[in-house]
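Raw contents of run07.cif, mmCIF, C-alpha atoms:
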```
data_coords
#
loop_
_atom_site.label_atom_id
_atom_site.label_comp_id
_atom_site.auth_asym_id
_atom_site.auth_seq_id
_atom_site.Cartn_x
_atom_site.Cartn_y
_atom_site.Cartn_z
CA MET G 1 -92.26 69.48 126.08
CA ARG G 2 -92.81 66.37 123.97
CA ALA G 3 -95.09 65.41 121.12
CA ILE G 4 -95.93 61.85 120.10
CA ARG G 5 -98.27 60.30 117.57
CA ASN G 6 -101.28 58.48 118.95
CA SER G 7 -100.32 55.26 117.14
CA ALA G 8 -96.79 55.37 118.60
CA TYR G 9 -98.16 56.10 122.06
CA ALA G 10 -100.40 53.04 121.90
CA GLN G 11 -97.44 50.92 120.78
CA LEU G 12 -95.28 52.07 123.71
CA ASN G 13 -97.81 50.77 126.26
CA MET G 14 -96.73 53.23 128.94
CA GLN G 15 -96.90 51.96 132.53
CA SER G 16 -95.17 54.46 134.82
CA PRO G 17 -97.51 56.51 137.03
CA GLY G 18 -95.08 59.21 138.19
CA MET G 19 -92.18 61.43 137.17
CA GLU G 20 -90.38 58.53 135.51
CA TYR G 21 -93.05 58.57 132.80
CA ALA G 22 -90.93 60.83 130.59
CA SER G 23 -87.88 58.59 130.90
CA GLU G 24 -89.95 55.51 130.10
CA MET G 25 -91.22 57.15 126.92
CA ILE G 26 -87.70 57.84 125.62
CA ALA G 27 -86.28 54.48 126.73
CA LYS G 28 -89.07 52.38 125.23
CA ALA G 29 -89.07 54.39 122.02
CA GLY G 30 -85.36 53.66 121.71
CA LEU G 31 -85.86 49.96 122.46
CA GLN G 32 -88.52 49.74 119.77
CA ARG G 33 -86.33 51.72 117.34
CA MET G 34 -88.85 54.49 116.84
CA PRO G 35 -87.58 57.69 115.20
CA ILE G 36 -86.75 60.35 117.78
CA ALA G 37 -86.11 63.95 116.75
CA GLU G 38 -85.37 67.18 118.60
CA VAL G 39 -87.16 70.34 117.50
CA PRO G 40 -85.93 73.69 118.89
CA VAL G 41 -88.56 75.66 120.79
CA ARG G 42 -88.56 78.93 122.69
CA LEU G 43 -88.60 78.38 126.44
CA HIS G 44 -90.38 80.91 128.62
CA LYS G 45 -89.66 81.27 132.31
CA ASP G 46 -92.17 79.63 134.61
CA GLY G 47 -94.32 82.30 136.20
CA ARG G 48 -95.51 80.18 139.12
CA ASN G 49 -94.21 80.97 142.60
CA ARG G 50 -94.77 77.60 144.26
CA LYS G 51 -92.06 75.03 144.85
CA PRO G 52 -91.64 72.36 142.16
CA HIS G 53 -93.33 69.01 142.69
CA LEU G 54 -90.08 67.16 141.93
CA LYS G 55 -88.70 65.21 144.91
CA THR G 56 -84.98 64.84 144.34
CA TRP G 57 -84.23 61.49 145.97
CA GLN G 58 -87.59 59.77 145.63
CA ASP G 59 -88.15 60.66 141.98
CA GLY G 60 -84.47 60.13 141.19
CA TRP G 61 -84.66 56.58 142.57
CA LYS G 62 -87.82 55.92 140.53
CA HIS G 63 -85.98 56.94 137.37
CA LEU G 64 -82.93 54.83 138.23
CA ARG G 65 -85.11 51.83 139.10
CA LEU G 66 -86.92 52.10 135.78
CA MET G 67 -83.68 52.36 133.81
CA LEU G 68 -82.24 49.33 135.61
CA LEU G 69 -85.38 47.34 134.86
CA LEU G 70 -85.14 48.34 131.22
CA SER G 71 -81.50 47.24 130.98
CA PRO G 72 -81.25 43.80 132.66
CA LYS G 73 -78.49 42.87 130.23
CA TRP G 74 -75.98 45.13 132.00
CA LEU G 75 -77.50 44.93 135.46
CA LEU G 76 -77.78 41.13 135.63
CA LEU G 77 -76.49 39.30 132.56
CA ALA G 78 -73.02 40.87 132.36
CA PRO G 79 -72.17 40.25 136.06
CA ALA G 80 -73.61 36.74 135.74
CA VAL G 81 -71.23 35.91 132.90
CA LEU G 82 -68.25 37.30 134.82
CA PHE G 83 -69.10 35.34 137.98
CA LEU G 84 -69.67 32.15 135.99
CA LEU G 85 -66.42 32.44 134.06
CA ALA G 86 -64.39 33.12 137.20
CA GLY G 87 -66.10 30.39 139.22
CA VAL G 88 -65.97 27.70 136.56
CA LEU G 89 -62.33 28.45 135.74
CA LEU G 90 -61.21 28.36 139.38
CA GLY G 91 -63.39 25.38 140.21
CA SER G 92 -62.16 23.27 137.31
CA LEU G 93 -58.54 23.97 138.29
CA LEU G 94 -59.04 23.24 141.99
CA LEU G 95 -61.53 20.39 141.94
CA PHE G 96 -58.90 17.63 142.06
CA ASN G 97 -55.80 19.33 143.45
CA PHE G 98 -54.38 22.63 144.63
CA ILE G 99 -52.54 25.02 142.32
CA GLU G 100 -49.73 27.46 142.96
CA VAL G 101 -49.71 30.89 141.33
CA PHE G 102 -46.82 33.28 142.01
CA ASN G 103 -45.99 31.54 145.30
CA LEU G 104 -49.68 31.66 146.30
CA VAL G 105 -51.23 28.28 147.08
CA LEU G 106 -54.89 28.08 146.05
CA ASP G 107 -56.65 25.14 147.67
CA ILE G 108 -60.05 24.18 149.08
CA HIS G 109 -60.69 27.68 150.47
CA THR G 110 -60.51 29.12 146.97
CA LEU G 111 -62.58 26.19 145.71
CA TYR G 112 -65.32 27.21 148.14
CA TYR G 113 -65.37 30.77 146.81
CA ALA G 114 -65.34 29.41 143.26
CA SER G 115 -68.57 27.55 144.07
CA VAL G 116 -69.99 30.78 145.52
CA PHE G 117 -69.11 32.62 142.30
CA VAL G 118 -70.85 29.98 140.19
CA MET G 119 -73.92 30.09 142.42
CA LEU G 120 -74.06 33.89 142.21
CA GLY G 121 -73.66 33.74 138.45
CA ILE G 122 -76.52 31.26 138.09
CA GLN G 123 -78.74 33.31 140.39
CA LEU G 124 -78.06 36.49 138.43
CA LEU G 125 -78.74 34.62 135.20
CA GLN G 126 -82.06 33.39 136.56
CA PHE G 127 -82.97 36.89 137.74
CA TYR G 128 -82.10 38.17 134.26
CA VAL G 129 -84.58 35.73 132.72
CA LEU G 130 -87.25 36.64 135.28
CA ALA G 131 -86.65 40.37 134.78
CA ARG G 132 -86.99 40.03 131.01
CA LEU G 133 -90.19 38.04 131.32
CA TYR G 134 -91.66 40.35 133.96
CA GLY G 135 -90.75 43.45 131.99
CA SER G 136 -92.36 41.93 128.91
CA SER G 137 -95.56 41.04 130.79
CA MET G 138 -95.76 44.60 132.16
CA GLY G 139 -95.24 46.09 128.71
CA LEU G 140 -91.90 47.67 129.55
CA TYR G 141 -90.25 46.35 126.40
CA PRO G 142 -90.96 43.83 123.64
CA ALA G 143 -89.55 40.37 124.30
CA ARG G 144 -91.84 38.02 122.40
CA ARG G 145 -89.07 35.88 120.89
CA PHE G 146 -87.22 35.73 124.18
CA SER G 147 -90.38 34.63 126.02
CA GLN G 148 -91.11 31.93 123.47
CA TRP G 149 -87.55 30.59 123.70
CA VAL G 150 -87.61 30.55 127.52
CA PHE G 151 -90.97 28.82 127.79
CA ARG G 152 -89.97 26.31 125.14
CA TRP G 153 -86.64 25.25 126.61
CA LEU G 154 -86.89 26.25 130.29
CA GLY G 155 -90.33 25.03 131.24
CA PHE G 156 -91.54 23.70 134.57
CA GLU G 157 -90.90 20.05 133.72
CA THR G 158 -87.40 20.82 132.45
CA GLY G 159 -86.55 22.73 135.61
CA LEU G 160 -88.03 20.03 137.82
CA LEU G 161 -86.13 17.18 136.17
CA THR G 162 -82.86 19.07 135.85
CA GLY G 163 -83.05 20.38 139.40
CA ALA G 164 -83.91 16.96 140.78
CA PHE G 165 -80.95 15.40 138.97
CA ILE G 166 -78.55 18.03 140.35
CA PHE G 167 -80.09 17.79 143.83
CA PHE G 168 -79.77 14.02 144.09
CA SER G 169 -76.26 14.20 142.65
CA GLY G 170 -75.40 16.34 145.65
CA ILE G 171 -77.07 13.82 147.95
CA ALA G 172 -75.03 11.03 146.35
CA LEU G 173 -71.79 12.97 146.85
CA SER G 174 -72.76 13.60 150.47
CA LEU G 175 -73.35 9.89 151.03
CA TYR G 176 -69.98 9.17 149.43
CA ALA G 177 -68.36 11.58 151.89
CA VAL G 178 -70.13 9.85 154.78
CA TRP G 179 -68.93 6.49 153.45
CA GLN G 180 -65.35 7.77 153.42
CA TRP G 181 -65.85 8.99 156.98
CA GLN G 182 -67.13 5.55 157.96
CA GLN G 183 -64.08 3.95 156.34
CA ALA G 184 -61.91 6.13 158.57
CA GLY G 185 -63.76 4.90 161.66
CA PHE G 186 -65.69 8.18 161.94
CA GLY G 187 -62.47 9.86 162.93
CA PRO G 188 -60.75 12.95 161.54
CA LEU G 189 -60.40 13.20 157.76
CA GLU G 190 -57.92 14.97 155.52
CA PRO G 191 -59.58 18.37 154.87
CA SER G 192 -57.97 18.86 151.47
CA ALA G 193 -59.53 15.61 150.24
CA VAL G 194 -62.92 15.54 151.93
CA PHE G 195 -63.79 19.17 151.17
CA ARG G 196 -63.32 18.44 147.48
CA ILE G 197 -66.35 16.20 147.91
CA ILE G 198 -68.35 18.23 150.43
CA ILE G 199 -68.14 21.56 148.59
CA PRO G 200 -69.49 20.19 145.27
CA ALA G 201 -72.09 18.19 147.22
CA GLY G 202 -73.45 21.24 149.03
CA PHE G 203 -73.30 23.25 145.82
CA CYS G 204 -75.34 20.65 143.92
CA ILE G 205 -77.95 20.36 146.68
CA SER G 206 -78.45 24.14 146.79
CA LEU G 207 -78.40 24.55 143.02
CA GLY G 208 -80.79 21.67 142.42
CA MET G 209 -83.42 23.10 144.74
CA GLN G 210 -82.92 26.54 143.21
CA VAL G 211 -83.42 25.22 139.68
CA MET G 212 -86.65 23.46 140.68
CA VAL G 213 -88.03 26.63 142.28
CA PHE G 214 -86.96 28.63 139.23
CA GLY G 215 -88.94 26.29 137.00
CA PHE G 216 -92.02 26.86 139.16
CA LEU G 217 -91.58 30.65 138.90
CA LEU G 218 -91.32 30.39 135.13
CA TYR G 219 -94.52 28.38 135.06
CA SER G 220 -96.26 31.06 137.17
CA LEU G 221 -95.12 33.84 134.84
CA ARG G 222 -96.29 31.86 131.83
CA GLN G 223 -99.73 31.48 133.37
CA LEU G 224 -99.80 35.22 134.07
CA GLN G 225 -98.94 36.06 130.47
CA GLN G 226 -101.57 33.68 129.13
CA GLN G 227 -104.23 35.30 131.31
CA LYS G 228 -103.31 38.73 129.98
CA LEU G 229 -103.61 37.50 126.40
CA ARG G 230 -107.17 36.25 126.94
#
```
Could I get this file's structure written as structure tokens?
Amino acid sequence: MRAIRNSAYAQLNMQSPGMEYASEMIAKAGLQRMPIAEVPVRLHKDGRNRKPHLKTWQDGWKHLRLMLLLSPKWLLLAPAVLFLLAGVLLGSLLLFNFIEVFNLVLDIHTLYYASVFVMLGIQLLQFYVLARLYGSSMGLYPARRFSQWVFRWLGFETGLLTGAFIFFSGIALSLYAVWQWQQAGFGPLEPSAVFRIIIPAGFCISLGMQVMVFGFLLYSLRQLQQQKLR
């Protein structure tokens, strides 16, 4: 049993239609730093004979999904930072030469996975931004300052120009790799050398396109928020 003031209820802007409604109320009240108090009451046994409406797995997943959406910092941002740190550290060490750690030789194979880590980190970071903006537009939690910062510094034009620069940098690296291949008479190349060009080239091409699409998604969310404010 819960009691809530009408003014506080209007401020929470509840959205959940099912059993997760109760969890949303507590979570959003905590996010908005509303006072929450427990008052002891006497509980009487339910006299109904029918089975409860609660569906264990379905309603449990709805609660978990809501809590994950309300905490994108730990679901998306924290793993993004870990992937980025690991990928950037490994990539910067392996970009120009191999390294040896405790008799283990880390070379282009590890460089490839370093690029994968960086890509995953950037994707999770982008999903974190989208989750925050979407949650704000749906009234799941307040994020006005965050939205203003994102739309100011990560707009469509910024994403388009930045993504295009990264994309064509990858194209330029690819052409450089082809030129090296042509210099070798289109014969076999030294893998340790050529993959230090090909891996960053493919990474930049993929990342550039991803950044451009991300800018378009941000623009779409901004238009959605502006329509809701009208």
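For the pair CA of Lys73 (chain G) and CA of Phe127 (chain G), the separation is 10.6 Å.
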Next on the checklist: List as JSON, numbers by chain the protein and nucleic acid residues near Ile108 (chain G), meaning an atom at most 9 Å away when all atoms listed in the file are counted, but skip any in the same chain fewer than 2 places from it.
Outcome noted: {"G": [94, 95, 97, 98, 106, 110, 111, 112, 113, 191, 192, 193, 195, 196, 199]}
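Between Leu89 (chain G) and the candidates G:Trp74, G:Phe203, G:Phe117, G:Tyr219, the tightest atom-to-atom separation, counting only C-alpha atoms, involves G:Phe117.
Coordinates place CA of Leu75 (chain G) at a distance of 15.4 Å from CA of Trp61 (chain G).
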Next on the checklist: Rounded to one decimal, what separation in Å do you get between CA of Ile36 (chain G) and CA of Met19 (chain G)?
Outcome noted: 20.2 Å
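Of the listed residues G:Gln126, G:Ser174, G:Gln182, G:Ser71, the one whose atoms come nearest to Leu217 (chain G) is G:Gln126, with distances taken using all atoms listed in the file.
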Item to check | Pick from G:Lys51, G:His63, G:His109, G:Arg2, whichever lies nearest to Glu38 (chain G) using only C-alpha atoms | outcome: G:Arg2
Checklist outcome for this item: Min atom-atom distance to Phe167 (chain G) from the set G:Gly87, G:Gly18, G:Pro79, G:Pro200, counting all atoms listed in the file, belongs to G:Pro200
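Closest approach to Ala172 (chain G) among G:Glu20, G:Ala10, G:Ile197, G:Gly155 is made by G:Ile197 (distances from all atoms listed in the file).
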Item to check | Output of the PyMOL selection byres ((chain G and resi 205) around 9), listed as number ranges by chain | outcome: G: 163, 166-171, 200-204, 206-210
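Using only C-alpha atoms for every distance, the candidate list G:Ala86, G:Met14, G:Leu54, G:Ile26 yields G:Ala86 as the residue closest to Gly121 (chain G).
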Next on the checklist: With all atoms listed in the file as the counted atoms, please give the residues lying no more than 9 Å from Leu70 (chain G), apart from itself and same-chain residues fewer than 3 positions off, as a PyMOL selection string.
Outcome noted: chain G and resi 24+27-28+31+65-67+73+131-132+135+140-141
Checklist entry - On this structure, which residues satisfy the PyMOL selection byres ((chain G and resi 125) around 8), written as a ChimeraX atom specification? => result /G:76-77,80-81,121-124,126-129
Next on the checklist: Take the PyMOL selection byres ((chain G and resi 4) around 12), run it mentally on this structure, and tell me the resulting residues as a VMD selection string.
Outcome noted: chain G and resid 1 to 3 5 to 12 22 25 to 26 29 34 to 38
